[in-house]
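What follows is the content of my_file23.txt (compact mmCIF, C-alpha atoms).
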# COMPACT_ATOMS: atom_id res chain seq x y z
CA MET A 1 16.26 11.86 17.41
CA LEU A 2 17.91 13.68 14.52
CA SER A 3 15.60 14.54 11.64
CA ARG A 4 17.86 12.66 9.19
CA THR A 5 17.44 9.44 11.14
CA ALA A 6 13.69 9.92 11.50
CA ASP A 7 13.29 10.71 7.80
CA ASN A 8 15.18 7.59 6.72
CA LEU A 9 13.22 5.35 9.09
CA TYR A 10 9.96 6.81 7.81
CA TRP A 11 10.90 6.18 4.19
CA ILE A 12 12.16 2.65 4.85
CA ALA A 13 8.63 1.83 5.94
CA ARG A 14 6.86 3.71 3.18
CA ASN A 15 9.10 2.31 0.45
CA MET A 16 8.68 -1.29 1.56
CA GLU A 17 4.90 -0.93 1.81
CA ARG A 18 4.87 0.82 -1.58
CA ALA A 19 6.83 -2.05 -3.13
CA GLU A 20 4.19 -4.46 -1.89
CA THR A 21 1.45 -2.25 -3.31
CA ALA A 22 3.10 -2.26 -6.74
CA ALA A 23 3.26 -6.06 -6.62
CA ARG A 24 -0.38 -6.33 -5.61
CA LEU A 25 -1.38 -3.97 -8.43
CA LEU A 26 0.42 -6.27 -10.86
CA GLU A 27 -1.50 -9.21 -9.47
CA VAL A 28 -4.76 -7.30 -9.89
CA GLY A 29 -3.77 -6.54 -13.49
CA ALA A 30 -3.03 -10.19 -14.20
CA ARG A 31 -6.40 -11.20 -12.78
CA ILE A 32 -8.19 -8.46 -14.73
CA SER A 33 -6.79 -9.83 -17.99
CA LEU A 34 -8.46 -13.18 -17.25
CA LEU A 35 -11.91 -11.78 -16.42
CA PRO A 36 -14.49 -12.55 -19.14
CA THR A 37 -16.70 -9.84 -20.63
CA ALA A 38 -19.34 -9.80 -23.33
CA GLN A 39 -16.56 -9.19 -25.87
CA GLY A 40 -14.23 -11.92 -24.60
CA TYR A 41 -11.53 -11.29 -22.03
CA ARG A 42 -10.58 -7.96 -20.46
CA ASN A 43 -7.23 -6.30 -21.01
CA ASP A 44 -7.36 -2.95 -19.28
CA TRP A 45 -3.79 -2.32 -18.15
CA ASP A 46 -4.05 1.32 -19.18
CA SER A 47 -6.84 1.86 -16.64
CA LEU A 48 -4.77 0.10 -14.01
CA LEU A 49 -1.92 2.54 -14.64
CA ARG A 50 -4.30 5.46 -14.22
CA ALA A 51 -5.72 4.09 -10.98
CA SER A 52 -2.23 3.49 -9.59
CA GLY A 53 -1.04 7.02 -10.40
CA ASN A 54 1.70 5.86 -12.79
CA ALA A 55 0.06 6.63 -16.13
CA ASN A 56 1.91 9.85 -16.97
CA GLY A 57 5.36 8.46 -16.19
CA TYR A 58 4.69 5.34 -18.25
CA ALA A 59 3.28 7.28 -21.22
CA ALA A 60 6.29 9.60 -21.27
CA LYS A 61 8.67 6.66 -21.58
CA TYR A 62 6.75 4.01 -23.53
CA GLY A 63 3.71 5.63 -25.13
CA ALA A 64 0.84 3.22 -25.78
CA PRO A 65 0.12 0.70 -23.00
CA MET A 66 1.34 -2.87 -23.51
CA GLN A 67 1.07 -5.53 -20.84
CA SER A 68 4.70 -6.67 -20.92
CA GLN A 69 6.01 -3.10 -20.74
CA ILE A 70 3.61 -2.20 -17.93
CA GLU A 71 4.73 -5.24 -15.93
CA SER A 72 8.35 -4.20 -16.41
CA TYR A 73 7.57 -0.56 -15.57
CA LEU A 74 5.84 -1.45 -12.31
CA PHE A 75 8.41 -4.02 -11.23
CA PHE A 76 11.92 -3.45 -12.61
CA ASP A 77 12.02 0.05 -14.10
CA ARG A 78 14.30 2.36 -12.06
CA ASP A 79 12.90 5.36 -13.97
CA ASN A 80 9.62 4.71 -12.16
CA PRO A 81 10.07 5.90 -8.55
CA ASN A 82 7.13 3.70 -7.50
CA SER A 83 8.36 0.45 -9.05
CA VAL A 84 9.22 -2.52 -6.86
CA ALA A 85 12.89 -2.21 -7.80
CA SER A 86 13.04 1.52 -7.02
CA CYS A 87 11.25 1.15 -3.69
CA ILE A 88 13.36 -1.74 -2.41
CA THR A 89 16.56 -0.04 -3.57
CA ASN A 90 15.56 3.20 -1.88
CA ALA A 91 14.58 1.40 1.33
CA ARG A 92 17.95 -0.35 1.45
CA GLU A 93 19.76 2.95 0.86
CA ASN A 94 17.72 4.58 3.63
CA ALA A 95 18.75 1.70 5.90
CA ARG A 96 22.42 1.92 4.93
CA ILE A 97 22.54 5.61 5.88
CA ILE A 98 21.20 4.92 9.38
CA ARG A 99 22.57 1.40 9.82
CA THR A 100 23.22 1.88 13.56
CA ALA A 101 19.53 2.73 14.17
CA LEU A 102 18.45 -0.71 12.96
CA THR A 103 18.87 -4.16 14.47
CA THR A 104 20.98 -6.71 12.62
CA GLN A 105 17.85 -8.67 11.75
CA VAL A 106 16.13 -5.69 10.13
CA TRP A 107 19.24 -4.78 8.13
CA ASP A 108 19.70 -8.39 7.01
CA ALA A 109 16.09 -8.61 5.84
CA LEU A 110 16.38 -5.39 3.83
CA ASN A 111 19.79 -6.23 2.40
CA THR A 112 18.75 -9.77 1.45
CA ALA A 113 15.75 -8.40 -0.47
CA PHE A 114 18.01 -5.93 -2.27
CA GLN A 115 20.64 -8.54 -3.20
CA GLU A 116 18.04 -11.00 -4.48
CA LEU A 117 16.43 -8.18 -6.48
CA ARG A 118 19.77 -7.55 -8.21
CA GLN A 119 19.89 -11.22 -9.18
CA LEU A 120 16.33 -11.10 -10.52
CA SER A 121 17.10 -7.96 -12.52
CA ALA A 122 20.17 -9.59 -14.07
CA GLN A 123 18.27 -12.62 -15.36
CA THR A 124 17.60 -12.61 -19.07
CA THR A 125 14.84 -15.22 -19.10
CA PRO A 126 11.24 -14.00 -18.77
CA HIS A 127 9.88 -13.91 -15.22
CA GLU A 128 6.62 -15.51 -14.20
CA LEU A 129 4.54 -12.66 -12.77
CA SER A 130 2.97 -14.68 -9.95
CA ARG A 131 6.41 -15.70 -8.68
CA LEU A 132 7.58 -12.10 -8.72
CA THR A 133 4.59 -10.87 -6.75
CA ASP A 134 4.94 -13.74 -4.25
CA TRP A 135 8.63 -12.86 -3.85
CA VAL A 136 7.77 -9.25 -3.01
CA THR A 137 5.06 -10.04 -0.48
CA ARG A 138 7.35 -12.59 1.21
CA HIS A 139 10.27 -10.18 1.58
CA THR A 140 8.17 -7.21 2.68
CA ALA A 141 6.62 -9.45 5.34
CA MET A 142 10.10 -10.52 6.48
CA VAL A 143 11.20 -6.90 6.91
CA ARG A 144 8.04 -5.99 8.81
CA GLY A 145 8.39 -9.09 10.98
CA ALA A 146 12.00 -8.26 11.81
CA ILE A 147 10.97 -4.73 12.80
CA ASP A 148 8.16 -5.96 15.05
CA ALA A 149 10.28 -8.69 16.62
CA THR A 150 13.58 -6.89 17.24
CA GLN A 151 13.36 -3.07 17.14
CA LEU A 152 13.32 -1.18 20.43
CA ARG A 153 9.93 0.44 21.13
CA ASN A 154 11.34 3.96 21.01
CA ASP A 155 10.74 7.04 18.86
CA GLY A 156 12.32 5.33 15.85
CA TYR A 157 9.85 2.45 16.11
CA ASN A 158 6.97 4.93 16.23
CA VAL A 159 8.25 6.73 13.12
CA LEU A 160 8.60 3.44 11.25
CA ASN A 161 5.02 2.50 12.06
CA ILE A 162 3.64 5.90 11.12
CA GLY A 163 5.25 5.41 7.71
CA TYR A 164 3.83 1.91 7.38
CA TYR A 165 0.28 2.83 8.39
CA LEU A 166 0.13 5.94 6.19
CA GLU A 167 1.37 4.06 3.15
CA ARG A 168 -0.86 1.05 3.79
CA GLY A 169 -3.94 3.26 4.06
CA ASP A 170 -3.04 4.90 0.76
CA SER A 171 -2.45 1.51 -0.90
CA THR A 172 -5.74 0.04 0.34
CA ALA A 173 -7.62 3.05 -1.02
CA ARG A 174 -5.86 2.79 -4.39
CA LEU A 175 -6.42 -0.96 -4.68
CA MET A 176 -10.11 -0.49 -3.89
CA ASP A 177 -10.35 2.33 -6.40
CA VAL A 178 -9.09 -0.04 -9.08
CA LYS A 179 -12.33 -1.96 -8.63
CA TYR A 180 -14.55 0.89 -9.75
CA TYR A 181 -12.03 2.74 -11.90
CA VAL A 182 -11.01 -0.31 -13.89
CA LEU A 183 -13.07 -3.40 -13.38
CA LEU A 184 -16.73 -2.44 -13.52
CA PRO A 185 -17.62 -1.86 -17.18
CA ARG A 186 -21.11 -0.40 -16.64
CA ALA A 187 -23.05 1.03 -13.72
CA ASP A 188 -25.87 -1.50 -14.20
CA TYR A 189 -23.43 -4.29 -13.25
CA VAL A 190 -23.44 -3.09 -9.63
CA GLY A 191 -24.80 -5.85 -7.40
CA SER A 192 -24.65 -8.42 -10.21
CA GLY A 193 -22.79 -11.72 -10.17
CA LEU A 194 -19.97 -10.13 -12.19
CA ASP A 195 -19.71 -7.30 -9.65
CA ASN A 196 -19.42 -9.76 -6.76
CA ASP A 197 -16.90 -11.93 -8.63
CA GLN A 198 -14.72 -8.87 -9.17
CA TRP A 199 -14.88 -7.96 -5.46
CA SER A 200 -13.82 -11.52 -4.62
CA MET A 201 -10.90 -11.24 -7.03
CA LEU A 202 -9.79 -8.01 -5.35
CA LEU A 203 -9.95 -9.64 -1.91
CA ARG A 204 -7.68 -12.45 -3.11
CA ALA A 205 -5.21 -9.97 -4.60
CA MET A 206 -5.06 -8.24 -1.20
CA SER A 207 -4.62 -11.54 0.70
CA ALA A 208 -7.86 -10.76 2.51
CA ASN A 209 -10.28 -13.36 1.15
CA ARG A 210 -10.20 -15.81 4.07
CA ALA A 211 -10.22 -13.05 6.68
CA PHE A 212 -13.28 -11.54 5.01
CA HIS A 213 -15.17 -14.83 5.19
CA TRP A 214 -14.19 -15.28 8.83
CA ALA A 215 -15.57 -11.82 9.59
CA TYR A 216 -18.77 -11.92 7.53
CA GLY A 217 -19.49 -15.32 6.00
CA GLY A 218 -22.21 -15.82 3.42
CA GLU A 219 -22.42 -14.03 0.11
CA ILE A 220 -19.84 -11.51 -1.00
CA THR A 221 -21.43 -8.10 -1.56
CA SER A 222 -20.02 -4.67 -2.30
CA GLY A 223 -21.45 -3.33 0.98
CA LYS A 224 -19.73 -6.01 3.07
CA ILE A 225 -16.40 -5.56 1.34
CA ALA A 226 -16.52 -1.77 1.55
CA HIS A 227 -17.21 -2.08 5.28
CA PHE A 228 -14.40 -4.64 5.69
CA LEU A 229 -11.73 -2.64 3.83
CA ILE A 230 -12.77 0.82 5.05
CA LEU A 231 -14.55 0.66 8.41
CA ASN A 232 -13.78 -2.69 10.08
CA PRO A 233 -11.08 -2.27 12.79
CA GLN A 234 -10.45 -6.04 12.74
CA CYS A 235 -9.14 -5.88 9.16
CA PRO A 236 -5.36 -5.19 9.20
CA ARG A 237 -5.52 -3.30 5.90
CA SER A 238 -8.69 -1.27 6.48
CA LEU A 239 -8.55 2.50 6.34
CA ILE A 240 -9.82 2.79 9.90
CA THR A 241 -7.14 0.38 11.18
CA CYS A 242 -4.43 2.35 9.38
CA MET A 243 -5.60 5.69 10.74
CA ALA A 244 -5.91 4.22 14.24
CA GLY A 245 -2.32 3.02 13.91
CA VAL A 246 -1.11 6.47 12.83
CA ASN A 247 -2.96 8.04 15.76
CA ASN A 248 -1.50 5.53 18.22
CA HIS A 249 2.10 6.15 17.21
CA LEU A 250 1.66 9.93 16.96
CA THR A 251 0.26 9.86 20.52
CA ARG A 252 3.25 7.85 21.69
CA LEU A 253 5.59 10.43 20.14
CA ALA A 254 3.67 13.27 21.78
CA LYS A 255 3.97 11.60 25.20
CA LEU A 256 7.66 10.86 24.62
CA TYR A 257 8.53 14.45 23.73
CA GLY A 258 5.97 16.15 25.97
CA ARG A 259 4.31 18.14 23.19
CA GLU A 260 1.68 17.75 20.51
CA THR A 261 1.80 19.07 16.97
CA GLU A 262 -0.76 19.79 14.27
CA ALA A 263 -0.29 16.17 13.14
CA GLN A 264 -2.12 14.83 16.20
CA SER A 265 -5.23 16.96 15.62
CA VAL A 266 -5.40 16.24 11.87
CA ALA A 267 -4.92 12.49 12.37
CA ALA A 268 -7.55 12.45 15.14
CA ARG A 269 -10.02 14.23 12.87
CA LEU A 270 -9.46 11.74 10.03
CA LEU A 271 -9.98 8.82 12.41
CA HIS A 272 -13.09 10.44 13.89
CA ASP A 273 -14.55 10.94 10.41
CA LEU A 274 -14.06 7.24 9.60
CA GLU A 275 -15.53 6.15 12.92
CA ASN A 276 -18.68 8.15 12.12
CA GLN A 277 -19.06 6.92 8.54
CA SER A 278 -21.38 4.19 7.32
CA THR A 279 -21.17 2.18 4.12
CA GLU A 280 -24.46 3.78 3.04
CA GLN A 281 -22.92 7.26 3.39
CA ILE A 282 -19.82 6.16 1.47
CA PHE A 283 -21.83 4.81 -1.47
CA GLU A 284 -24.08 7.86 -1.40
CA GLU A 285 -21.00 10.07 -1.78
CA GLY A 286 -19.60 7.67 -4.38
CA LEU A 287 -16.90 5.12 -3.64
CA HIS A 288 -14.42 6.63 -6.09
CA GLU A 289 -15.05 10.12 -4.72
CA PHE A 290 -14.70 8.95 -1.11
CA LEU A 291 -11.44 7.11 -1.81
CA THR A 292 -10.01 10.03 -3.78
CA ARG A 293 -10.81 12.35 -0.88
CA PHE A 294 -9.20 9.97 1.62
CA ILE A 295 -6.02 9.67 -0.48
CA GLY A 296 -5.75 13.46 -0.63
CA GLU A 297 -6.34 13.90 3.11
CA ALA A 298 -3.83 11.18 3.97
CA ALA A 299 -1.26 12.86 1.71
CA GLY A 300 -1.91 16.13 3.50
CA LEU A 301 -1.37 14.44 6.86
CA GLY A 302 1.89 12.99 5.57
CA ALA A 303 3.09 16.49 4.66
CA ILE A 304 2.21 17.76 8.14
CA ILE A 305 4.02 14.85 9.78
CA HIS A 306 7.08 15.59 7.66
CA ASN A 307 7.07 19.23 8.71
CA SER A 308 6.42 18.35 12.36
CA TYR A 309 8.87 15.50 12.88
CA LEU A 310 11.14 14.89 9.91
CA SER A 311 12.38 18.34 8.88
CA GLY A 312 13.93 19.32 12.22
CA ASP A 313 15.28 17.67 15.35
CA MET A 314 12.50 15.74 17.05
CA GLN A 315 13.58 16.43 20.61
Once more with this new file: its structure as structure tokens, please.
Amino acid sequence: MLSRTADNLYWIARNMERAETAARLLEVGARISLLPTAQGYRNDWDSLLRASGNANGYAAKYGAPMQSQIESYLFFDRDNPNSVASCITNARENARIIRTALTTQVWDALNTAFQELRQLSAQTTPHELSRLTDWVTRHTAMVRGAIDATQLRNDGYNVLNIGYYLERGDSTARLMDVKYYVLLPRADYVGSGLDNDQWSMLLRAMSANRAFHWAYGGEITSGKIAHFLILNPQCPRSLITCMAGVNNHLTRLAKLYGRETEAQSVAARLLHDLENQSTEQIFEEGLHEFLTRFIGEAAGLGAIIHNSYLSGDMQ
């Protein structure tokens, strides 16, 4: 496979998953603003921007944080490379460049999302945030479904899935980090009713609430949720599931081309580290510190994968 084709497939996946992450962050922000505190109701959109990694870009364009501007920045603003609009537009452009490497169904799903986005952007009436986030999660699921249902299980399919799993692991870590970076006002709230309510809110924003109760039942606790979203291989968004997915598709590429690269060993080490972690060890290190470390290591793996597979011919 030519590196140009592989690179575009990889970024189709990462951009679509990143668009969904931006939408889920907006939903988290909307829920945060409704959470009661001792002073009334919380409005901490600035902290959400910092947790999402978009604070500097927003501040350079808009200055002080305002909810309506943050919503626009994360959804429609083309100056923000991580906005929903930028990600879907970029994914569609990636797909257009390598149109012949995609099935008709995958192209149609991407193009439909792009065309409907143009219509949404052209509307002058205010948008209801919940409808926007639902629209994103529906279309990203349609693209992923078309890929799983129609793409040939070849090297291109493996590259697509590596992009998806890397980006999903990053997004899960960032969404979890919002919980401690944004939501928890004081350390003495840990384990309290407010703490558990906030964890439940985060599960709902990640469409994982029912799955969590199927897996664990009973009371929601920080330990259970940390295990579910980090260490439980049954959870489709957990860090361990994402790293197992990356390892699986890197192994398939290695078998296909008859050679391994540094990417295989680094990915295997990251998976091994997660398999030998416990929730007690994670909280002892500090959840924010653990997630920050994971995000950095996953980014490093992404750079190695790019150098190994996307910057030169893969065969």
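With only the atoms specified (all atoms listed in the file) counting, those residues at most 6 Å away from (-14.3, 4.6, 11.7) are Leu231, Ile240, Leu274, Glu275 and Asn276 of chain A.
Interatomic distance, atom CA of Arg144 of chain A to atom CA of Arg18 of chain A: 12.8 Å.
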Find the spatial neighbours of segment 305-308 of chain A, counting all atoms listed in the file, within a cut-off of 8 Å - ignore same-chain residues fewer than 3 positions away - and output them as a PyMOL selection string. chain A and resi 7+261-263+301-302+311-312
The selected residues should be written to file as a PDB file, in the coordinates of the input (atoms: C-alpha atoms).
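Dumped everything to result.pdb:
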ATOM      1  CA  ASP A   7      13.290  10.710   7.800  1.00  0.00           C
ATOM      2  CA  THR A 261       1.800  19.070  16.970  1.00  0.00           C
ATOM      3  CA  GLU A 262      -0.760  19.790  14.270  1.00  0.00           C
ATOM      4  CA  ALA A 263      -0.290  16.170  13.140  1.00  0.00           C
ATOM      5  CA  LEU A 301      -1.370  14.440   6.860  1.00  0.00           C
ATOM      6  CA  GLY A 302       1.890  12.990   5.570  1.00  0.00           C
ATOM      7  CA  SER A 311      12.380  18.340   8.880  1.00  0.00           C
ATOM      8  CA  GLY A 312      13.930  19.320  12.220  1.00  0.00           C
TER       9      GLY A 312
END
In Å to one decimal, how far is atom CA of Ala85 of chain A from atom CA of Asp46 of chain A?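 Pair atom CA of Asp46 of chain A / atom CA of Ala85 of chain A returns 20.7 Å.
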To one decimal place in Å, what is the distance between atom CA of Ala254 of chain A and atom CA of Ser171 of chain A?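 Straight-line distance from atom CA of Ala254 of chain A to atom CA of Ser171 of chain A works out to 26.3 Å.
Considering all atoms listed in the file, the residue among A:Asn80, A:Gln198, A:Asn247, A:Ser265 positioned nearest to Met176 of chain A is A:Gln198.
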Residue neighbourhood Gly53 of chain A, 12 Å, all atoms listed in the file, exclusion window fewer than 6 positions, as a PDB file with C-alpha atoms, in the frame of the given file:
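Final file, selection-v7.pdb:
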ATOM      1  CA  THR A  21       1.450  -2.250  -3.310  1.00  0.00           C
ATOM      2  CA  ALA A  22       3.100  -2.260  -6.740  1.00  0.00           C
ATOM      3  CA  LEU A  25      -1.380  -3.970  -8.430  1.00  0.00           C
ATOM      4  CA  ASP A  46      -4.050   1.320 -19.180  1.00  0.00           C
ATOM      5  CA  SER A  47      -6.840   1.860 -16.640  1.00  0.00           C
ATOM      6  CA  ALA A  59       3.280   7.280 -21.220  1.00  0.00           C
ATOM      7  CA  LEU A  74       5.840  -1.450 -12.310  1.00  0.00           C
ATOM      8  CA  ASN A  80       9.620   4.710 -12.160  1.00  0.00           C
ATOM      9  CA  PRO A  81      10.070   5.900  -8.550  1.00  0.00           C
ATOM     10  CA  ASN A  82       7.130   3.700  -7.500  1.00  0.00           C
ATOM     11  CA  SER A  83       8.360   0.450  -9.050  1.00  0.00           C
ATOM     12  CA  ASP A 170      -3.040   4.900   0.760  1.00  0.00           C
ATOM     13  CA  SER A 171      -2.450   1.510  -0.900  1.00  0.00           C
ATOM     14  CA  ARG A 174      -5.860   2.790  -4.390  1.00  0.00           C
ATOM     15  CA  LEU A 175      -6.420  -0.960  -4.680  1.00  0.00           C
ATOM     16  CA  ASP A 177     -10.350   2.330  -6.400  1.00  0.00           C
ATOM     17  CA  VAL A 178      -9.090  -0.040  -9.080  1.00  0.00           C
ATOM     18  CA  TYR A 181     -12.030   2.740 -11.900  1.00  0.00           C
ATOM     19  CA  THR A 292     -10.010  10.030  -3.780  1.00  0.00           C
ATOM     20  CA  ILE A 295      -6.020   9.670  -0.480  1.00  0.00           C
TER      21      ILE A 295
END
Rank A:Val143, A:Ala109, A:Leu48, A:Ala13 by their smallest atom-to-atom distance to Leu160 of chain A, using all atoms listed in the file, and report the top residue only.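 Checking each candidate against Leu160 of chain A, we get A:Ala13 as the closest.
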